[in-house]
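Listing of work_31.cif, mmCIF, C-alpha atoms
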```cif
data_target
#
loop_
_atom_site.label_atom_id
_atom_site.label_comp_id
_atom_site.auth_asym_id
_atom_site.auth_seq_id
_atom_site.Cartn_x
_atom_site.Cartn_y
_atom_site.Cartn_z
CA MET D 83 87.47 92.79 72.89
CA ALA D 84 90.25 92.33 75.40
CA ILE D 85 89.76 93.39 79.02
CA THR D 86 92.40 95.95 79.94
CA GLN D 87 93.69 97.59 83.11
CA ALA D 88 95.14 100.54 81.23
CA LYS D 89 94.40 104.22 81.80
CA SER D 90 90.78 105.15 81.09
CA LYS D 91 89.80 106.73 77.77
CA ARG D 92 87.93 109.47 79.62
CA SER D 93 88.89 111.89 82.38
CA GLU D 94 86.89 112.45 85.59
CA THR D 95 84.95 115.29 83.96
CA GLY D 96 84.13 113.19 80.91
CA SER D 97 86.48 114.67 78.34
CA ARG D 98 88.17 112.19 76.04
CA TYR D 99 91.93 111.55 76.16
CA ARG D 100 93.83 111.11 72.91
CA THR D 101 94.98 107.54 72.36
CA TYR D 102 98.73 107.44 71.81
CA ARG D 103 99.27 103.66 71.54
CA LYS D 104 97.50 100.31 71.36
CA LYS D 105 96.80 97.94 74.27
CA LYS D 106 99.82 96.16 75.74
CA GLN D 107 99.96 92.61 77.04
CA HIS D 108 101.16 93.68 80.50
CA GLU D 109 97.90 95.67 80.87
CA LEU D 110 95.81 92.56 80.21
CA GLY D 111 92.90 91.91 82.59
CA ARG D 112 90.60 88.89 83.03
CA GLN D 113 87.05 88.11 84.01
CA PRO D 114 86.54 87.73 87.80
CA ALA D 115 86.45 84.19 89.19
CA PHE D 116 83.09 84.54 91.04
CA THR D 117 83.93 81.74 93.50
CA LYS D 118 80.72 79.88 94.42
CA ILE D 119 79.70 77.18 96.88
CA ALA D 120 79.89 73.84 95.08
CA GLU D 121 82.25 70.87 94.69
CA ASN D 122 85.88 72.07 94.61
CA ARG D 123 87.07 73.33 91.20
CA VAL D 124 90.35 75.17 90.60
CA ARG D 125 91.67 76.57 87.31
CA LYS D 126 95.36 77.14 86.61
CA ILE D 127 96.17 80.25 84.57
CA ARG D 128 99.46 81.17 82.92
CA THR D 129 100.62 84.70 83.68
CA ILE D 130 103.42 86.88 82.37
CA GLY D 131 106.93 85.48 82.88
CA ASN D 132 105.66 81.88 82.57
CA ASN D 133 104.36 82.08 86.14
CA SER D 134 101.03 80.60 87.12
CA LYS D 135 98.04 81.64 89.17
CA LEU D 136 95.31 79.44 90.64
CA LYS D 137 91.68 80.55 90.58
CA VAL D 138 89.14 78.88 92.84
CA LEU D 139 85.95 78.68 90.79
CA ASN D 140 83.98 76.53 93.26
CA ALA D 141 84.65 75.58 96.88
CA ASP D 142 82.67 73.67 99.48
CA THR D 143 85.30 73.74 102.25
CA ALA D 144 87.48 76.43 103.80
CA ASN D 145 90.58 76.39 105.99
CA VAL D 146 89.22 78.09 109.13
CA TYR D 147 91.55 79.41 111.85
CA ASP D 148 90.29 79.66 115.43
CA LYS D 149 92.03 82.42 117.42
CA LYS D 150 91.11 80.92 120.82
CA THR D 151 92.54 77.44 120.25
CA LYS D 152 95.19 78.73 117.77
CA LYS D 153 94.41 75.86 115.41
CA SER D 154 93.02 75.67 111.91
CA LYS D 155 90.82 72.99 110.41
CA LYS D 156 89.06 72.26 107.15
CA VAL D 157 85.35 73.05 107.55
CA LYS D 158 82.33 72.71 105.27
CA ILE D 159 80.77 75.97 104.01
CA LYS D 160 77.00 76.34 104.37
CA GLN D 161 76.22 79.76 102.88
CA VAL D 162 77.34 83.35 102.38
CA ILE D 163 76.02 85.71 105.08
CA GLU D 164 77.55 89.11 104.26
CA SER D 165 79.73 90.57 101.50
CA ALA D 166 81.42 93.97 101.65
CA ALA D 167 82.30 93.81 97.93
CA ASN D 168 78.73 93.64 96.59
CA ARG D 169 75.40 93.05 98.32
CA ASN D 170 74.17 90.93 95.39
CA TYR D 171 76.99 88.44 96.05
CA VAL D 172 75.12 87.28 99.18
CA ARG D 173 72.12 86.17 97.15
CA ARG D 174 74.32 84.47 94.54
CA ASN D 175 76.63 82.84 97.18
CA ILE D 176 79.77 84.40 95.65
CA MET D 177 82.85 84.52 97.91
CA THR D 178 85.56 87.21 97.85
CA LYS D 179 88.06 88.52 100.42
CA GLY D 180 86.21 89.95 103.43
CA THR D 181 83.06 87.90 102.88
CA VAL D 182 81.41 86.45 105.99
CA ILE D 183 80.45 82.79 105.53
CA GLU D 184 78.49 80.38 107.69
CA THR D 185 80.39 77.14 108.39
CA ASP D 186 79.99 74.09 110.60
CA ALA D 187 82.38 75.73 113.11
CA GLY D 188 80.52 79.07 113.11
CA ASN D 189 80.69 82.32 111.16
CA ALA D 190 84.04 83.11 109.56
CA ARG D 191 85.54 85.95 107.51
CA ILE D 192 87.51 85.06 104.38
CA THR D 193 91.09 86.36 104.55
CA SER D 194 92.51 85.04 101.26
CA ARG D 195 91.67 86.09 97.70
CA PRO D 196 90.10 82.93 96.20
CA GLY D 197 90.25 84.24 92.63
CA GLN D 198 93.98 85.00 92.96
CA ASP D 199 95.50 82.67 95.58
CA GLY D 200 93.87 79.35 94.72
CA VAL D 201 92.93 78.67 98.34
CA LEU D 202 90.08 79.69 100.63
CA ASN D 203 91.30 80.70 104.12
CA ALA D 204 89.08 82.19 106.81
CA VAL D 205 89.18 83.29 110.46
CA LEU D 206 86.40 82.54 112.96
CA ILE D 207 84.51 85.63 114.11
CA GLU D 208 84.45 86.15 117.88
CA GLY D 209 81.09 85.58 119.55
CA ALA D 210 79.56 83.96 116.48
CA ALA D 211 78.80 80.41 117.57
CA PRO D 212 77.09 77.94 115.22
CA LYS D 213 73.29 78.10 115.22
CA ALA D 214 72.94 74.57 116.65
CA ALA D 215 74.93 75.56 119.79
CA LYS D 216 72.70 78.57 120.64
CA LYS D 217 69.77 78.05 123.04
#
```
I need this file expressed as structure tokens, please.
Amino acid sequence: MAITQAKSKRSETGSRYRTYRKKKQHELGRQPAFTKIAENRVRKIRTIGNNSKLKVLNADTANVYDKKTKKSKKVKIKQVIESAANRNYVRRNIMTKGTVIETDAGNARITSRPGQDGVLNAVLIEGAAPKAAKK
């Protein structure tokens, strides 16, 4: 069965809408990428209009931007600390936009959409130094 982003079959109260047509290709949906911490793996997907989209399936590094030095660098990811999307993603080390990750440079918040953009960008969180630097 195809995943669709069309209007729901049921209303808010639970009554059933009449179907007036079949599913259309422009309403097509896909399974989420569930980007995990592992050796880098990216999948290229063809979209409508012969365009393409990159999905990051696995990533072990992130492009982290430091606001103080105004520079970005590629940093190794250690683990997922917090996820606003789903609390179970922390346990499974799944990364989405807004997820807080622990890196070699310190804690960072992901600003890109890894399952849509094909890249993992993050910004260092103020006052969150790496654990080795704390005394």
> Excluding same-chain residues fewer than 2 positions from region 108-115 of chain D, what lies within 10 Å of it counting only C-alpha atoms, as a list in words?
Replying inline: Ala84, Ile85, Thr86, Gln87, Ala88, Lys89, Lys105, Lys106, Thr117, Lys118, Val124, Arg125, Thr129, Ile130, Lys137, Val138, Leu139, Asn140, Ile176, Met177, Thr178, Pro196, Gly197 and Gln198 of chain D
>> What would the selection look like, as an MDAnalysis selection string, if the PyMOL selection byres ((chain D and resi 182-193) around 10) were run on the coordinates I just shared?
In response: chainID D and resid 142:148 155:166 172 175 177:181 194:196 202:215
> Mind pulling up the distance from CA of Arg128 (chain D) to CA of Ser90 (chain D)?
Replying inline: 25.6 Å
> CA of Leu136 (chain D) and CA of Val201 (chain D) are how many Å apart?
Replying inline: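 Going from CA of Leu136 (chain D) over to CA of Val201 (chain D), I get 8.1 Å.
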> So what do you get for CA of Arg123 (chain D) versus CA of Ala141 (chain D), distance-wise?
Replying inline: 6.6 Å
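Compared by their closest atoms to Ser134 (chain D), and using all atoms listed in the file, the residues D:Asp199, D:Thr151, D:Asn168, D:Lys104 rank with D:Asp199 nearest.
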> Using only C-alpha atoms, which of the listed residues (D:Glu94, D:Phe116, D:Arg103, D:Gly131) sits closest to Arg174 (chain D)?
Replying inline: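 For Arg174 (chain D), the nearest of the given residues is D:Phe116.
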